file work-v4.csv (CSV, C-alpha atoms and all ligand atoms)
chain,number,residue,atom,x,y,z
O,1,MET,CA,37.9,20.3,4.6
O,2,GLN,CA,41.0,18.5,5.8
O,3,GLU,CA,42.4,15.8,3.5
O,4,ILE,CA,40.9,12.3,3.9
O,5,LYS,CA,43.6,9.8,4.3
O,6,PRO,CA,42.4,6.4,2.8
O,7,ALA,CA,44.9,4.3,4.7
O,8,ALA,CA,43.8,5.8,8.0
O,9,ILE,CA,40.2,5.1,7.4
O,10,GLN,CA,40.9,1.6,6.3
O,11,GLN,CA,42.8,1.1,9.6
O,12,LEU,CA,39.8,2.4,11.6
O,13,LEU,CA,37.5,0.0,9.7
O,14,GLU,CA,39.7,-2.8,10.8
O,15,GLU,CA,39.7,-1.6,14.3
O,16,ALA,CA,35.9,-1.3,14.4
O,17,ALA,CA,35.2,-4.6,12.6
O,18,PRO,CA,35.6,-6.9,15.7
O,19,TYR,CA,32.9,-5.0,17.5
O,20,CYS,CA,30.3,-6.5,15.0
O,21,GLU,CA,30.7,-9.8,16.8
O,22,GLN,CA,29.2,-8.3,19.9
O,23,GLY,CA,26.0,-7.2,18.1
O,24,GLU,CA,22.9,-9.0,16.9
O,25,LEU,CA,20.8,-8.8,13.8
O,26,ALA,CA,17.3,-7.3,14.2
O,27,SER,CA,15.0,-10.3,14.5
O,28,TYR,CA,11.6,-8.7,15.1
O,29,ILE,CA,11.5,-8.3,11.3
O,30,PRO,CA,12.4,-11.9,10.4
O,31,GLU,CA,13.7,-11.1,7.0
O,32,LEU,CA,16.5,-8.9,8.5
O,33,THR,CA,18.1,-12.0,10.1
O,34,LYS,CA,19.3,-13.0,6.6
O,35,ALA,CA,22.0,-10.2,6.7
O,36,ASP,CA,25.6,-11.0,7.3
O,37,PRO,CA,26.5,-9.7,10.7
O,38,GLN,CA,30.2,-9.4,9.7
O,39,HIS,CA,29.5,-6.8,7.1
O,40,LEU,CA,30.9,-3.3,7.8
O,41,GLY,CA,31.5,-0.5,5.3
O,42,ILE,CA,31.7,3.3,5.1
O,43,TYR,CA,31.4,5.9,2.3
O,44,LEU,CA,32.3,9.6,2.6
O,45,VAL,CA,31.4,12.5,0.3
O,46,THR,CA,33.4,15.7,1.1
O,47,SER,CA,32.9,19.3,0.3
O,48,ASP,CA,36.0,19.3,-1.9
O,49,GLY,CA,34.2,17.0,-4.3
O,50,LYS,CA,35.9,13.8,-3.2
O,51,ALA,CA,33.9,10.5,-2.6
O,52,ILE,CA,35.5,7.4,-1.3
O,53,GLY,CA,34.3,4.0,0.1
O,54,PHE,CA,35.8,1.2,2.2
O,55,GLY,CA,34.6,-2.3,3.1
O,56,ASP,CA,31.0,-3.3,2.4
O,57,TYR,CA,29.8,0.1,1.1
O,58,GLN,CA,28.1,-1.4,-1.9
O,59,VAL,CA,26.1,-4.0,-0.1
O,60,PRO,CA,22.3,-3.3,-0.3
O,61,PHE,CA,20.2,-3.1,2.8
O,62,THR,CA,16.9,-1.6,3.8
O,63,ILE,CA,17.0,2.1,4.8
O,64,GLN,CA,14.5,1.5,7.7
O,65,SER,CA,14.4,4.4,10.1
O,66,ILE,CA,16.8,6.5,8.1
O,67,SER,CA,13.8,7.1,5.9
O,68,LYS,CA,12.4,9.1,8.8
O,69,VAL,CA,14.8,11.9,8.0
O,70,ALA,CA,13.6,12.0,4.4
O,71,SER,CA,10.0,11.9,5.5
O,72,LEU,CA,10.5,14.8,7.9
O,73,LEU,CA,12.3,16.8,5.3
O,74,LEU,CA,9.5,16.3,2.8
O,75,ALA,CA,6.7,16.9,5.3
O,76,LEU,CA,8.4,20.3,6.2
O,77,ARG,CA,8.2,21.2,2.5
O,78,LEU,CA,4.6,20.1,2.0
O,79,TYR,CA,3.3,21.6,5.2
O,80,SER,CA,5.1,24.0,7.5
O,81,PRO,CA,7.2,23.5,10.6
O,82,GLU,CA,4.3,24.7,12.7
O,83,GLU,CA,1.9,22.2,11.1
O,84,VAL,CA,4.3,19.3,11.4
O,85,PHE,CA,5.2,20.0,15.0
O,86,SER,CA,1.6,20.3,16.0
O,87,ARG,CA,1.5,16.6,15.5
O,88,VAL,CA,4.9,15.5,16.8
O,89,GLY,CA,7.3,16.8,19.4
O,90,MET,CA,11.0,17.7,19.3
O,91,GLU,CA,12.2,15.9,22.5
O,92,PRO,CA,14.2,12.7,23.0
O,93,SER,CA,11.8,10.0,24.2
O,94,GLY,CA,14.0,8.2,26.7
O,95,THR,CA,12.3,5.0,25.5
O,96,PRO,CA,13.0,2.3,22.8
O,97,PHE,CA,12.0,3.3,19.3
O,98,SER,CA,8.8,1.3,19.1
O,99,GLU,CA,7.6,1.9,22.6
O,100,LEU,CA,3.9,2.6,23.1
O,101,SER,CA,5.1,5.1,25.7
O,102,GLY,CA,6.8,7.0,22.9
O,103,PHE,CA,3.9,9.4,23.6
O,104,ARG,CA,5.3,11.8,26.2
O,105,ASP,CA,2.0,11.9,27.9
O,106,LEU,CA,-1.3,10.2,27.0
O,107,ALA,CA,-2.8,13.5,26.0
O,108,ASP,CA,0.3,14.7,24.1
O,109,THR,CA,1.9,14.1,20.7
O,110,PRO,CA,4.6,11.5,20.0
O,111,ALA,CA,8.0,12.7,21.5
O,112,ASN,CA,9.8,13.3,18.2
O,113,PRO,CA,9.6,12.4,14.4
O,114,PHE,CA,12.3,9.6,14.7
O,115,ILE,CA,10.5,7.2,17.0
O,116,ASN,CA,8.0,5.0,15.4
O,117,SER,CA,4.9,6.8,16.7
O,118,GLY,CA,6.2,10.2,15.5
O,119,ALA,CA,7.3,8.8,12.2
O,120,LEU,CA,3.8,7.3,11.7
O,121,ALA,CA,2.3,10.7,12.3
O,122,VAL,CA,4.6,12.2,9.7
O,123,ALA,CA,4.0,9.4,7.2
O,124,SER,CA,0.3,10.0,7.5
O,125,LEU,CA,0.8,13.7,6.7
O,126,LEU,CA,2.7,12.6,3.6
O,127,ALA,CA,0.2,9.9,2.6
O,128,ASN,CA,-2.5,12.6,2.8
O,129,LYS,CA,-0.8,14.7,0.2
O,130,ILE,CA,1.4,12.6,-2.1
O,131,SER,CA,1.6,9.1,-3.6
O,132,PHE,CA,4.3,6.7,-2.5
O,133,GLU,CA,5.8,7.1,-6.0
O,134,GLU,CA,6.3,10.8,-5.4
O,135,TYR,CA,8.0,10.0,-2.1
O,136,ARG,CA,10.2,7.4,-3.7
O,137,ALA,CA,11.3,9.9,-6.4
O,138,PHE,CA,12.2,12.4,-3.6
O,139,VAL,CA,14.4,9.8,-1.8
O,140,ALA,CA,15.9,8.6,-5.1
O,141,ALA,CA,16.9,12.2,-5.8
O,142,LEU,CA,18.4,12.6,-2.4
O,143,CYS,CA,20.5,9.4,-2.8
O,144,HIS,CA,21.3,10.1,-6.5
O,145,LYS,CA,19.9,6.7,-7.2
O,146,PRO,CA,17.2,6.7,-10.0
O,147,GLN,CA,16.5,2.9,-9.6
O,148,LEU,CA,15.4,3.0,-5.9
O,149,ILE,CA,13.5,-0.2,-5.3
O,150,ILE,CA,11.5,-1.6,-2.4
O,151,THR,CA,12.9,-4.9,-1.0
O,152,GLU,CA,9.6,-6.7,-1.3
O,153,SER,CA,10.6,-9.6,1.1
O,154,VAL,CA,11.5,-7.1,3.9
O,155,TYR,CA,8.3,-5.1,3.2
O,156,ARG,CA,6.1,-8.2,3.5
O,157,SER,CA,8.0,-9.5,6.5
O,158,GLU,CA,7.5,-6.3,8.4
O,159,MET,CA,3.9,-6.0,7.4
O,160,ALA,CA,3.3,-9.5,8.6
O,161,HIS,CA,4.8,-8.6,12.0
O,162,SER,CA,3.6,-5.0,12.4
O,163,GLU,CA,1.3,-5.4,15.5
O,164,ARG,CA,3.3,-2.8,17.4
O,165,ASN,CA,3.2,-0.3,14.6
O,166,HIS,CA,-0.5,-1.0,14.2
O,167,SER,CA,-1.1,-0.3,17.8
O,168,LEU,CA,0.8,3.0,17.5
O,169,ALA,CA,-1.2,4.0,14.4
O,170,TRP,CA,-4.5,3.2,16.1
O,171,GLU,CA,-3.4,5.2,19.2
O,172,LEU,CA,-2.5,8.2,16.9
O,173,LYS,CA,-5.9,7.9,15.3
O,174,ARG,CA,-7.6,7.9,18.7
O,175,MET,CA,-5.6,11.1,19.4
O,176,ARG,CA,-6.7,12.6,16.1
O,177,LEU,CA,-3.1,12.8,15.0
O,178,LEU,CA,-3.5,10.8,11.8
O,179,SER,CA,-4.1,12.6,8.5
O,180,ALA,CA,-4.6,9.4,6.4
O,181,ASP,CA,-6.3,6.2,7.5
O,182,VAL,CA,-4.5,3.6,9.6
O,183,GLU,CA,-3.8,1.0,6.8
O,184,GLU,CA,-2.7,3.7,4.3
O,185,THR,CA,-0.3,5.2,6.9
O,186,LEU,CA,1.2,1.9,7.8
O,187,ASP,CA,1.6,0.9,4.2
O,188,PHE,CA,3.3,4.2,3.3
O,189,TYR,CA,5.6,4.0,6.4
O,190,THR,CA,6.6,0.4,5.9
O,191,LYS,CA,7.3,0.9,2.2
O,192,ALA,CA,9.5,3.8,3.0
O,193,CYS,CA,11.4,1.7,5.5
O,194,SER,CA,11.9,-1.1,2.9
O,195,LEU,CA,13.7,1.0,0.3
O,196,SER,CA,16.9,-0.6,-0.7
O,197,VAL,CA,20.1,1.5,-0.4
O,198,THR,CA,23.8,1.1,0.1
O,199,ALA,CA,26.2,3.2,2.3
O,200,GLN,CA,27.2,4.9,-0.9
O,201,ASP,CA,23.7,6.0,-1.7
O,202,LEU,CA,23.1,7.2,1.9
O,203,ALA,CA,26.4,9.2,1.9
O,204,CYS,CA,24.9,11.3,-1.0
O,205,PHE,CA,21.8,11.9,1.1
O,206,ALA,CA,24.1,12.8,4.0
O,207,ALA,CA,26.1,15.2,1.8
O,208,TYR,CA,22.9,16.9,0.8
O,209,LEU,CA,21.9,17.4,4.4
O,210,ALA,CA,25.4,18.6,5.1
O,211,GLY,CA,24.7,21.4,2.7
O,212,ILE,CA,27.4,20.4,0.2
O,213,CYS,CA,26.6,21.6,-3.3
O,214,GLN,CA,24.8,18.9,-5.3
O,215,ALA,CA,27.0,19.4,-8.3
O,216,GLN,CA,29.9,18.0,-6.2
O,217,VAL,CA,28.1,14.9,-5.3
O,218,ASP,CA,28.3,12.0,-7.7
O,219,ASN,CA,26.9,8.6,-7.3
O,220,SER,CA,27.8,6.4,-10.3
O,221,GLY,CA,25.0,5.3,-12.5
O,222,SER,CA,22.9,8.5,-12.2
O,223,SER,CA,22.8,11.5,-14.4
O,224,PRO,CA,21.6,15.0,-13.6
O,225,ALA,CA,18.6,14.4,-15.8
O,226,ASP,CA,17.4,11.7,-13.5
O,227,GLN,CA,16.7,14.1,-10.8
O,228,SER,CA,15.3,16.9,-13.0
O,229,GLN,CA,11.7,16.7,-11.7
O,230,VAL,CA,12.6,16.9,-8.0
O,231,ASP,CA,13.5,20.3,-6.6
O,232,LEU,CA,16.5,19.7,-4.4
O,233,SER,CA,16.9,23.1,-2.9
O,234,LEU,CA,17.5,22.8,0.8
O,235,ASP,CA,15.7,25.4,3.0
O,236,PRO,CA,18.2,26.3,5.8
O,237,GLU,CA,15.4,26.2,8.3
O,238,HIS,CA,14.5,22.6,7.4
O,239,GLN,CA,18.2,21.7,7.4
O,240,LYS,CA,18.5,23.1,10.9
O,241,ILE,CA,15.5,21.2,12.2
O,242,CYS,CA,16.6,17.9,10.8
O,243,LEU,CA,20.2,18.2,12.0
O,244,SER,CA,19.2,19.3,15.5
O,245,LEU,CA,16.8,16.4,15.9
O,246,MET,CA,19.3,14.0,14.5
O,247,PHE,CA,21.8,15.2,17.1
O,248,THR,CA,19.4,14.9,20.0
O,249,CYS,CA,17.2,11.9,18.9
O,250,GLY,CA,18.8,10.2,15.9
O,251,LEU,CA,20.2,7.2,17.6
O,252,TYR,CA,17.3,6.5,20.0
O,253,ASP,CA,18.6,5.8,23.5
O,254,GLY,CA,22.2,5.9,22.2
O,255,SER,CA,21.8,9.5,21.0
O,256,GLY,CA,23.4,11.2,24.1
O,257,ARG,CA,26.4,9.0,24.2
O,258,PHE,CA,27.0,9.4,20.5
O,259,ALA,CA,26.6,13.1,20.8
O,260,VAL,CA,29.3,13.2,23.4
O,261,LYS,CA,31.7,10.7,21.8
O,262,ALA,CA,31.3,11.6,18.0
O,263,GLY,CA,29.5,14.9,18.1
O,264,LEU,CA,27.8,14.5,14.7
O,265,PRO,CA,24.1,14.7,13.8
O,266,ALA,CA,23.2,11.1,12.8
O,267,LYS,CA,20.3,8.8,12.1
O,268,SER,CA,20.4,5.0,12.3
O,269,GLY,CA,18.1,2.2,11.0
O,270,VAL,CA,17.7,-1.4,12.1
O,271,GLY,CA,18.8,-2.5,8.6
O,272,GLY,CA,22.3,-1.5,9.8
O,273,GLY,CA,22.8,1.9,8.2
O,274,ILE,CA,23.9,5.1,9.9
O,275,LEU,CA,23.8,8.5,8.2
O,276,ALA,CA,26.1,11.1,9.7
O,277,ILE,CA,26.8,14.7,8.9
O,278,LEU,CA,29.7,17.0,9.3
O,279,PRO,CA,27.9,20.2,8.5
O,280,GLY,CA,29.2,22.1,5.5
O,281,GLN,CA,32.0,19.5,5.1
O,282,ALA,CA,31.0,15.9,4.7
O,283,GLY,CA,28.3,13.4,4.3
O,284,ILE,CA,29.1,10.0,5.7
O,285,ALA,CA,27.2,6.7,5.8
O,286,THR,CA,28.1,3.4,7.4
O,287,PHE,CA,26.6,0.0,7.1
O,288,GLY,CA,26.9,-2.9,9.6
O,289,PRO,CA,23.8,-4.9,10.3
O,290,ALA,CA,24.9,-6.2,13.7
O,291,LEU,CA,23.1,-4.0,16.2
O,292,ASP,CA,23.7,-2.9,19.8
O,293,HIS,CA,21.0,-3.1,22.5
O,294,ASN,CA,19.6,0.3,21.4
O,295,GLY,CA,19.0,-1.0,17.8
O,296,ASN,CA,22.0,1.0,16.4
O,297,SER,CA,24.8,-0.6,14.2
O,298,ILE,CA,27.5,-1.5,16.7
O,299,GLY,CA,30.3,-1.5,14.1
O,300,GLY,CA,29.0,1.7,12.5
O,301,ILE,CA,28.9,3.6,15.8
O,302,LYS,CA,32.4,2.5,16.7
O,303,LEU,CA,33.7,3.4,13.3
O,304,LEU,CA,32.1,6.9,13.4
O,305,GLU,CA,33.4,7.6,16.9
O,306,LEU,CA,36.9,6.6,15.9
O,307,LEU,CA,36.7,8.7,12.7
O,308,SER,CA,35.4,11.7,14.5
O,309,GLU,CA,38.0,11.5,17.3
O,310,GLN,CA,40.8,11.0,14.8
O,311,ASN,CA,39.9,14.0,12.7
O,312,ASP,CA,38.6,16.3,15.4
O,313,TRP,CA,35.1,16.3,13.9
O,314,HIS,CA,33.0,16.9,17.0
O,315,CYS,CA,30.5,19.7,16.0
O,316,LEU,CA,30.9,21.4,19.4
O,317,GLY,CA,34.5,20.5,20.0
O,401,LIG,N1,10.7,-0.4,10.1
O,401,LIG,C1,11.2,-0.4,11.4
O,401,LIG,C2,10.1,-0.4,12.4
O,401,LIG,O1,9.1,0.3,12.2
O,401,LIG,C3,12.2,0.8,11.6
O,401,LIG,C4,12.9,0.8,12.9
O,401,LIG,C5,14.3,1.3,12.9
O,401,LIG,O2,15.0,1.3,11.9
O,401,LIG,O3,14.8,1.8,13.9
O,401,LIG,O4,10.2,-0.9,13.5
call {"tool": "encode", "arguments": {"input": "work-v4.csv", "output": "structure tokens", "more": "lines below"}}
Ligand code: GLU
result
Amino acid sequence: MQEIKPAAIQQLLEEAAPYCEQGELASYIPELTKADPQHLGIYLVTSDGKAIGFGDYQVPFTIQSISKVASLLLALRLYSPEEVFSRVGMEPSGTPFSELSGFRDLADTPANPFINSGALAVASLLANKISFEEYRAFVAALCHKPQLIITESVYRSEMAHSERNHSLAWELKRMRLLSADVEETLDFYTKACSLSVTAQDLACFAAYLAGICQAQVDNSGSSPADQSQVDLSLDPEHQKICLSLMFTCGLYDGSGRFAVKAGLPAKSGVGGGILAILPGQAGIATFGPALDHNGNSIGGIKLLELLSEQNDWHCLG
């Protein structure tokens, strides 16, 4: 791993910050409009055991769709890739994340596990086998954050405005792709999206997905004992599936452009987070709640593109 130069990252943060003004807060979940659109932060965990943050990396926000990566990972453990992908596809959808047309064809499965229809199908697989507390413990271990709480106000706000996700869940039920009932699935999914994290927490999760040895990842406040009940071994097959889908579908309709410009597997959430991976070398997370027209953090995308370009991090480059 090449050396991280703090002054250079600070400079990139300053370069990316003005882009936040061009973005907008997610308003379809009213509670998310309370965020500060100027916030921008980044945290990096590298394979040489270093961890460093800049800007607003300790500001809490809701994980939103980044939880879909944890859900996929856990579903792959509890079922098998064959079982999971009999209910959800592996293709970019070419439509916004909550589109009803996220189904590739009316007789088909949802396009991928990272659009809402696909994530609901995965959430129902989880709800069929584990409690939400078990799910929370898994995400807490990934983030090295024992006190992983739900932001109740965001959870309630989303549940009160979840007509679209309800429609998707009912459509999945009609297609016999739900493993738990509609309300149970929605509740599990929405709680998962409402978990409160920081960029620092997500960088630990990213480092795990990057395949960096757990012992090298430290997130202050946690101790190894906190994660003792959760098996954190990472099956290389599951890692490959998650990173491939993040590369192709992780940023919705912005996935292709980001793959060309930054070349890093990544996953965004409408809370403003982006989780990005430099396989074998670094786990990175950004936070900036002002979003572009695809629902991705506008400052976070800019910052990651600049960082990747500056350090020659493009996976295929
Ligand atoms: N909870 C959000 C929803 O279901 C997640 C969307 C996102 O982060 O992209 O709409």
call {"tool": "atom_distance", "arguments": {"input": "work-v4.csv", "atom1": "atom CA of Ser117 of chain O", "atom2": "atom CA of Ile63 of chain O"}}
result
17.6 Å
call {"tool": "closest_residue", "arguments": {"input": "work-v4.csv", "among": "O:Leu316, O:Val69, O:Ala285, O:Ala160", "to": "Cys249 of chain O", "atoms": "all atoms listed in the file"}}
result
O:Val69
call {"tool": "closest_residue", "arguments": {"input": "work-v4.csv", "among": "O:Leu120, O:Leu72, O:Leu25, O:Val139", "to": "ligand LIG 401 (chain O)", "atoms": "all atoms listed in the file"}}
result
O:Leu120
call {"tool": "residues_near_ligand", "arguments": {"input": "work-v4.csv", "ligand": "ligand LIG 401 (chain O)", "cutoff": "6 Å", "atoms": "only C-alpha atoms and all ligand atoms", "output": "MDAnalysis selection string"}}
result
chainID O and resid 64:65 116 190 193 269:270
call {"tool": "closest_residue", "arguments": {"input": "work-v4.csv", "among": "O:Leu304, O:Leu186, O:Leu76, O:Val230", "to": "Lys173 of chain O", "atoms": "only C-alpha atoms"}}
result
O:Leu186
call {"tool": "closest_residue", "arguments": {"input": "work-v4.csv", "among": "O:Arg156, O:His144, O:Arg164, O:Arg174", "to": "Ala206 of chain O", "atoms": "all atoms listed in the file"}}
result
O:His144
call {"tool": "residues_around", "arguments": {"input": "work-v4.csv", "residues": "Leu125 of chain O", "least_positions_apart": "3", "cutoff": "9 Å", "atoms": "only C-alpha atoms", "output": "PyMOL selection string"}}
result
chain O and resi 75+78-79+84+120-122+128-130+178-180+185
call {"tool": "build_atoms", "arguments": {"input": "work-v4.csv", "residues": "segment 47-65 of chain O", "atoms": "N, CA and C atoms", "output": "PDB file, keeping the file's coordinate frame"}}
result
ATOM      1  N   SER O  47      33.250  18.067   0.984  1.00  0.00           N
ATOM      2  CA  SER O  47      32.900  19.300   0.300  1.00  0.00           C
ATOM      3  C   SER O  47      33.916  19.704  -0.778  1.00  0.00           C
ATOM      4  N   ASP O  48      35.075  19.046  -0.795  1.00  0.00           N
ATOM      5  CA  ASP O  48      36.000  19.300  -1.900  1.00  0.00           C
ATOM      6  C   ASP O  48      35.765  18.413  -3.092  1.00  0.00           C
ATOM      7  N   GLY O  49      34.578  17.760  -3.097  1.00  0.00           N
ATOM      8  CA  GLY O  49      34.200  17.000  -4.300  1.00  0.00           C
ATOM      9  C   GLY O  49      34.705  15.562  -4.302  1.00  0.00           C
ATOM     10  N   LYS O  50      35.325  15.124  -3.204  1.00  0.00           N
ATOM     11  CA  LYS O  50      35.900  13.800  -3.200  1.00  0.00           C
ATOM     12  C   LYS O  50      34.802  12.789  -2.648  1.00  0.00           C
ATOM     13  N   ALA O  51      34.846  11.574  -3.135  1.00  0.00           N
ATOM     14  CA  ALA O  51      33.900  10.500  -2.600  1.00  0.00           C
ATOM     15  C   ALA O  51      34.740   9.243  -2.579  1.00  0.00           C
ATOM     16  N   ILE O  52      34.628   8.544  -1.433  1.00  0.00           N
ATOM     17  CA  ILE O  52      35.500   7.400  -1.300  1.00  0.00           C
ATOM     18  C   ILE O  52      34.797   6.337  -0.349  1.00  0.00           C
ATOM     19  N   GLY O  53      34.959   5.075  -0.666  1.00  0.00           N
ATOM     20  CA  GLY O  53      34.300   4.000   0.100  1.00  0.00           C
ATOM     21  C   GLY O  53      35.291   2.972   0.592  1.00  0.00           C
ATOM     22  N   PHE O  54      34.937   2.293   1.684  1.00  0.00           N
ATOM     23  CA  PHE O  54      35.800   1.200   2.200  1.00  0.00           C
ATOM     24  C   PHE O  54      34.866   0.102   2.709  1.00  0.00           C
ATOM     25  N   GLY O  55      35.371  -1.110   2.622  1.00  0.00           N
ATOM     26  CA  GLY O  55      34.600  -2.300   3.100  1.00  0.00           C
ATOM     27  C   GLY O  55      33.342  -2.485   2.327  1.00  0.00           C
ATOM     28  N   ASP O  56      32.253  -2.820   3.034  1.00  0.00           N
ATOM     29  CA  ASP O  56      31.000  -3.300   2.400  1.00  0.00           C
ATOM     30  C   ASP O  56      30.075  -2.108   2.042  1.00  0.00           C
ATOM     31  N   TYR O  57      30.606  -1.100   1.408  1.00  0.00           N
ATOM     32  CA  TYR O  57      29.800   0.100   1.100  1.00  0.00           C
ATOM     33  C   TYR O  57      28.855  -0.069  -0.038  1.00  0.00           C
ATOM     34  N   GLN O  58      29.008  -1.171  -0.778  1.00  0.00           N
ATOM     35  CA  GLN O  58      28.100  -1.400  -1.900  1.00  0.00           C
ATOM     36  C   GLN O  58      27.080  -2.492  -1.673  1.00  0.00           C
ATOM     37  N   VAL O  59      27.059  -2.989  -0.457  1.00  0.00           N
ATOM     38  CA  VAL O  59      26.100  -4.000  -0.100  1.00  0.00           C
ATOM     39  C   VAL O  59      24.718  -3.405   0.116  1.00  0.00           C
ATOM     40  N   PRO O  60      23.670  -3.874  -0.568  1.00  0.00           N
ATOM     41  CA  PRO O  60      22.300  -3.300  -0.300  1.00  0.00           C
ATOM     42  C   PRO O  60      21.697  -3.720   0.964  1.00  0.00           C
ATOM     43  N   PHE O  61      20.971  -2.827   1.561  1.00  0.00           N
ATOM     44  CA  PHE O  61      20.200  -3.100   2.800  1.00  0.00           C
ATOM     45  C   PHE O  61      19.014  -2.214   2.820  1.00  0.00           C
ATOM     46  N   THR O  62      18.080  -2.461   3.733  1.00  0.00           N
ATOM     47  CA  THR O  62      16.900  -1.600   3.800  1.00  0.00           C
ATOM     48  C   THR O  62      17.167  -0.363   4.633  1.00  0.00           C
ATOM     49  N   ILE O  63      16.690   0.752   4.154  1.00  0.00           N
ATOM     50  CA  ILE O  63      17.000   2.100   4.800  1.00  0.00           C
ATOM     51  C   ILE O  63      16.374   2.151   6.187  1.00  0.00           C
ATOM     52  N   GLN O  64      15.258   1.462   6.416  1.00  0.00           N
ATOM     53  CA  GLN O  64      14.500   1.500   7.700  1.00  0.00           C
ATOM     54  C   GLN O  64      14.383   2.897   8.240  1.00  0.00           C
ATOM     55  N   SER O  65      14.797   3.117   9.492  1.00  0.00           N
ATOM     56  CA  SER O  65      14.400   4.400  10.100  1.00  0.00           C
ATOM     57  C   SER O  65      15.190   5.610   9.554  1.00  0.00           C
TER      58      SER O  65
END
